[in-house]
Amino acid sequence: MIALLMRDLKLAFRAGGGFGLGLAFFLIVTIMVPFSVGPQSDLLSKIAPGVLWLGALLACLLSLDRLLALDWEDGSLDLLATAPLPLESTVTIKSLAHWLTTGLPLVLAAPVLGVLLNLPAAGYLWLVVSLVLGTPALSVIGTFGAALTVGLKRGGLLLSLLVLPLYVPTLIFGAEVARRGAIGMETQTPLMMLAGITAASIALLPFASAAVLRVNLR
Amino acid sequence: MSFWEYANPKKFLATTERFMPFLWITSGACLAVGLIWGFFFTPDDYRQGSTVKIIYLHVPAALMAINCWFMMLITSLVWLVRRHHVSALAARAAAPIGAVMTVIALVTGAIWGQPMWGTWWEWDPRLTSFLILFLFYLGYMALWEAIDNPDTAADLTSVLCLVGSVFAILSRYAVNFWNQGLHQGASVMRAGAVTGTDTTEKVSNVFFFPLMVCIAGFILLFIALVFYRTGTEIRARRTQALLARERVGA
């Protein structure tokens with residue numbers, strides 16, 4: 001399992017792996033927002049938590065089609081499926097690798113981008129907390145979507161159509177935590193819901209992803 | 001005689017075709033009676049005026065939009081567990097109907113909301129969750145269309161339907177979180193509303209009976225459409241099989 005994780009991480013970090021692409025996209029989206037809504041700082045600070053969450057979500061989405069497609073193309077996915085490691089674990093490791101290479105950098109970059117959007121001082125902690133709790137769910141759900149569309153020629157657009165509705169609850173609760181944190185309201189209820197969604201997704205969705213992957217590898 | 005006999009496509013086609021004329025006629029009659037009764041022979045509401053009459057389209061369509069997804073969930077489960085092709089095809093046949101019902105509910109709601117709430121659209125929990133449901137229907141249909149192998153497509157869409165159901169319900173309660181919204185609560189089937197023991201706000205009997213007729217009409221129409229479209233899917237599958245056999249033979 002650790003060997004697989006290291007392999008995925010190495011592939012992502014080395015040239016052509018696309019590491020940092022999601023991060024650059026996040027940066028671009030966030031910079032584009034003031035251009036589209038205007039530079040008034042009070043408006044920006046009001047929408048900052050939601051914009052940062054949406055940017056992180058889209059950056060996550062962008063990297064999903066590479067998650068399984070490369071392994072599918074060169075046949076290593078077939079080898080992984082016949083390996084003694086159960087496919088459920090393989091899928092979980094894949095999600096973990098995706099989170100480490102995409103989700104974690106986004107979490108670390110979000111406060112910096114928060115400065116650009118004039119995020120209130122109280123919001124930084126809650127933004128990071130909500131992203132730390134929420135992005136694993138985005139990776140796990142995204143892995144399910146990637147497993148669904150792995151065999152398709154033009155799966156990219158379909159992947160977004162399938163995955164975005166599944167992201168709705170995570171986005172609502174995650175952005176709500178960040179928003180409430182920024183204006184100093186209590187954040188416990190949405191935070192618990194967010195944690196619940198993430199925990200349940202991590203516990204249950206790998207089984208669905210593995211089942212779907214088995215169908216696709218048939 | 002077991003229920004599973006109808007998993008045989010031939011048996012399914014023969015039985016449904018016997019019921020089809022009955023279903024078309026009763027659903028047509030129910031809709032005609034319900035809509036005409038509702039539109040022309042019920043009084044205007046004292047607060048909403050004649051706009052109240054859109055209830056005869058809005059409520060049944062919304063009801064069927066949700067129940068259609070439940071039907072797809074059940075047939076998907078049957079496909080995953082017992083692998084009856086008719087079941088998978090019925091789920092595929094039902095999806096566009098459910099999507100259309102969702103659109104009808106959203107559009108009639110918007111038309112009613114414009115004079116009543118003063119807005120075509122509001123990010124109210126019920127409205128939002130219907131929009132999300134519509135997105136789920138779109139994704140489900142797109143996945144069916146994208147995959148060539150019918151068995152793979154049936155498997156994948158079934159799992160998507162199961163996972164999607166959980167997330168659709170989650171979204172339903174997640175959007176509740178913002179506020180209670182403009183949309184009124186359930187006022188048609190509340191316990192005690194029909195017998196008159198419940199004194200809170202409810203739909204009056206004058207509107208209630210034609211509404212029930214309309215709902216019955218929509219349910220029958222839905223069953224008829226699902227049977228019809230499933231029959232079409234079965235025949236399309238057969239045609240493909242025949243064509244494939246011809247190609248192999250040639």
# chains A, B, ... in the order shown; residues from 1 in each chain; ligands from 1
$ closest_atom_pairs --of "chain B" --to "chain A" --cutoff "12 Å" --atoms "only C-alpha atoms" --output "tab-separated table"
residue	atom	partner	partner_atom	distance
B:Leu80	CA	A:Ala211	CA	11.0
B:Pro125	CA	A:Ile172	CA	11.9
B:Thr128	CA	A:Val168	CA	10.7
B:Ser129	CA	A:Val168	CA	10.1
B:Phe130	CA	A:Pro165	CA	11.8
B:Leu131	CA	A:Pro165	CA	9.9
B:Ile132	CA	A:Pro165	CA	6.5
B:Leu133	CA	A:Pro165	CA	8.5
B:Phe134	CA	A:Pro165	CA	9.6
B:Leu135	CA	A:Pro165	CA	6.5
B:Phe136	CA	A:Pro165	CA	6.5
B:Tyr137	CA	A:Leu162	CA	9.8
B:Leu138	CA	A:Leu161	CA	7.8
B:Gly139	CA	A:Leu162	CA	5.0
B:Tyr140	CA	A:Leu162	CA	7.6
B:Met141	CA	A:Leu162	CA	10.1
B:Ala142	CA	A:Leu158	CA	7.1
B:Leu143	CA	A:Leu158	CA	7.2
B:Trp144	CA	A:Leu158	CA	10.8
B:Glu145	CA	A:Leu158	CA	10.4
B:Ala146	CA	A:Leu152	CA	7.4
B:Ile147	CA	A:Leu152	CA	7.2
B:Asp148	CA	A:Leu152	CA	9.3
B:Asn149	CA	A:Asn216	CA	10.2
B:Pro150	CA	A:Val215	CA	11.7
B:Asp151	CA	A:Val215	CA	9.1
B:Thr152	CA	A:Val215	CA	6.3
B:Ala153	CA	A:Val215	CA	9.2
B:Ala154	CA	A:Val215	CA	10.0
B:Asp155	CA	A:Val215	CA	7.0
B:Leu156	CA	A:Val212	CA	6.1
B:Thr157	CA	A:Leu148	CA	8.7
B:Ser158	CA	A:Val212	CA	9.7
B:Val159	CA	A:Ala208	CA	7.0
B:Leu160	CA	A:Leu148	CA	8.2
B:Cys161	CA	A:Leu162	CA	10.8
B:Leu162	CA	A:Ala208	CA	9.2
B:Val163	CA	A:Ala208	CA	7.8
B:Gly164	CA	A:Leu166	CA	6.9
B:Ser165	CA	A:Leu166	CA	9.8
B:Val166	CA	A:Leu166	CA	9.2
B:Phe167	CA	A:Leu166	CA	5.9
B:Ala168	CA	A:Leu166	CA	7.7
B:Ile169	CA	A:Pro169	CA	9.5
B:Leu170	CA	A:Pro169	CA	6.3
B:Ser171	CA	A:Pro169	CA	5.0
B:Arg172	CA	A:Pro169	CA	8.6
B:Tyr173	CA	A:Pro169	CA	8.6
B:Ala174	CA	A:Pro169	CA	5.8
B:Val175	CA	A:Ile172	CA	7.4
B:Asn176	CA	A:Ile172	CA	10.4
B:Phe177	CA	A:Pro190	CA	8.6
B:Trp178	CA	A:Glu176	CA	8.9
$ residues_around --residues "Leu119 (chain A)" --least-positions-apart "6" --cutoff "8 Å" --atoms "only C-alpha atoms" --output "PDB file with C-alpha atoms, in the first residue's frame"
ATOM      1  CA  LEU A  44     -14.832  41.016  -1.689  1.00  0.00           C
ATOM      2  CA  SER A  45     -14.458  40.289   1.999  1.00  0.00           C
ATOM      3  CA  LYS A  46     -18.113  39.272   2.109  1.00  0.00           C
ATOM      4  CA  ALA A  48     -14.267  35.636  -0.050  1.00  0.00           C
ATOM      5  CA  PRO A  49     -15.097  32.394   1.859  1.00  0.00           C
ATOM      6  CA  ALA A 182     -15.480  35.070   8.905  1.00  0.00           C
TER       7      ALA A 182
END
$ select_by_dssp --residues "region 120-197 of chain A" --states "helix (DSSP H, G or I)" --output "PyMOL selection string"
chain A and resi 123-148+155-182+188-197
$ residues_around --residues "region 66-78 of chain A" --least-positions-apart "3" --cutoff "9 Å" --atoms "only C-alpha atoms" --output "ChimeraX atom specification"
/A:17-18,62-63,81-83,94-95,98,142-143,146-147,149-151,217
$ closest_atom_pairs --of "region 56-167 of chain B" --to "region 220-244 of chain B" --cutoff "7 Å" --atoms "only C-alpha atoms" --output "tab-separated table"
residue	atom	partner	partner_atom	distance
B:Leu89	CA	B:Thr230	CA	5.9
B:Ala90	CA	B:Thr230	CA	5.2
B:Ala93	CA	B:Arg229	CA	5.4
B:Ala94	CA	B:Val226	CA	5.6
$ write_last_selection --atoms "C-alpha atoms" --output "PDB file, in the first residue's frame"
ATOM      1  CA  LEU B  89     -34.208  -0.791 -19.125  1.00  0.00           C
ATOM      2  CA  ALA B  90     -37.154   0.450 -17.060  1.00  0.00           C
ATOM      3  CA  ALA B  93     -36.808   4.589 -19.700  1.00  0.00           C
ATOM      4  CA  ALA B  94     -37.990   6.419 -16.592  1.00  0.00           C
TER       5      ALA B  94
END
$ residues_around --residues "Ala56 (chain A)" --least-positions-apart "2" --cutoff "8 Å" --atoms "only C-alpha atoms" --output "list in words"
Phe26, Leu52, Trp53, Leu54, Leu58, Ala59, Cys60, Gly103 and Leu106 of chain A
$ residues_around --residues "Thr198 (chain A)" --least-positions-apart "5" --cutoff "10 Å" --atoms "only C-alpha atoms" --output "PyMOL selection string"
chain A and resi 133-141+170+192-193+203
$ atom_distance --atom1 "CA of Ile93 (chain A)" --atom2 "CA of Ala199 (chain A)"
15.6 Å
$ atom_distance --atom1 "CA of Ala62 (chain B)" --atom2 "CA of Glu17 (chain B)"
27.6 Å
$ residues_around --residues "Leu108 (chain A)" --least-positions-apart "3" --cutoff "10 Å" --atoms "only C-alpha atoms" --output "PyMOL selection string"
chain A and resi 23+103-105+111-113+128+131-132
$ write_last_selection --atoms "N, CA and C atoms" --output "PDB file, in the first residue's frame"
ATOM      1  N   LEU A  23      -3.130  24.018  -8.365  1.00  0.00           N
ATOM      2  CA  LEU A  23      -2.799  25.175  -7.535  1.00  0.00           C
ATOM      3  C   LEU A  23      -2.808  26.451  -8.381  1.00  0.00           C
ATOM      4  N   GLY A 103      -5.441  18.425  -2.771  1.00  0.00           N
ATOM      5  CA  GLY A 103      -6.204  19.021  -1.682  1.00  0.00           C
ATOM      6  C   GLY A 103      -5.330  19.765  -0.689  1.00  0.00           C
ATOM      7  N   LEU A 104      -4.256  19.113  -0.266  1.00  0.00           N
ATOM      8  CA  LEU A 104      -3.400  19.714   0.758  1.00  0.00           C
ATOM      9  C   LEU A 104      -2.753  21.028   0.289  1.00  0.00           C
ATOM     10  N   PRO A 105      -2.170  21.070  -0.935  1.00  0.00           N
ATOM     11  CA  PRO A 105      -1.637  22.358  -1.408  1.00  0.00           C
ATOM     12  C   PRO A 105      -2.705  23.447  -1.454  1.00  0.00           C
ATOM     13  N   PRO A 111      -5.171  30.504   2.603  1.00  0.00           N
ATOM     14  CA  PRO A 111      -5.031  31.727   3.400  1.00  0.00           C
ATOM     15  C   PRO A 111      -4.322  32.841   2.634  1.00  0.00           C
ATOM     16  N   VAL A 112      -3.312  32.477   1.821  1.00  0.00           N
ATOM     17  CA  VAL A 112      -2.594  33.485   1.038  1.00  0.00           C
ATOM     18  C   VAL A 112      -3.559  34.174   0.082  1.00  0.00           C
ATOM     19  N   LEU A 113      -4.382  33.370  -0.586  1.00  0.00           N
ATOM     20  CA  LEU A 113      -5.340  33.945  -1.514  1.00  0.00           C
ATOM     21  C   LEU A 113      -6.419  34.725  -0.765  1.00  0.00           C
ATOM     22  N   VAL A 128      -9.278  27.482   6.862  1.00  0.00           N
ATOM     23  CA  VAL A 128      -8.341  26.358   6.794  1.00  0.00           C
ATOM     24  C   VAL A 128      -8.981  25.109   7.396  1.00  0.00           C
ATOM     25  N   LEU A 131     -11.536  23.662   5.024  1.00  0.00           N
ATOM     26  CA  LEU A 131     -10.920  23.040   3.850  1.00  0.00           C
ATOM     27  C   LEU A 131     -10.220  21.732   4.228  1.00  0.00           C
ATOM     28  N   VAL A 132      -9.555  21.726   5.382  1.00  0.00           N
ATOM     29  CA  VAL A 132      -8.898  20.487   5.823  1.00  0.00           C
ATOM     30  C   VAL A 132      -9.935  19.384   5.982  1.00  0.00           C
TER      31      VAL A 132
END
$ closest_residue --among "B:Ser2, B:Ala7, B:Gly217, B:Met64" --to "Arg82 (chain B)" --atoms "only C-alpha atoms"
B:Ala7
$ atom_distance --atom1 "CA of Arg180 (chain A)" --atom2 "CA of Thr30 (chain A)"
20.1 Å
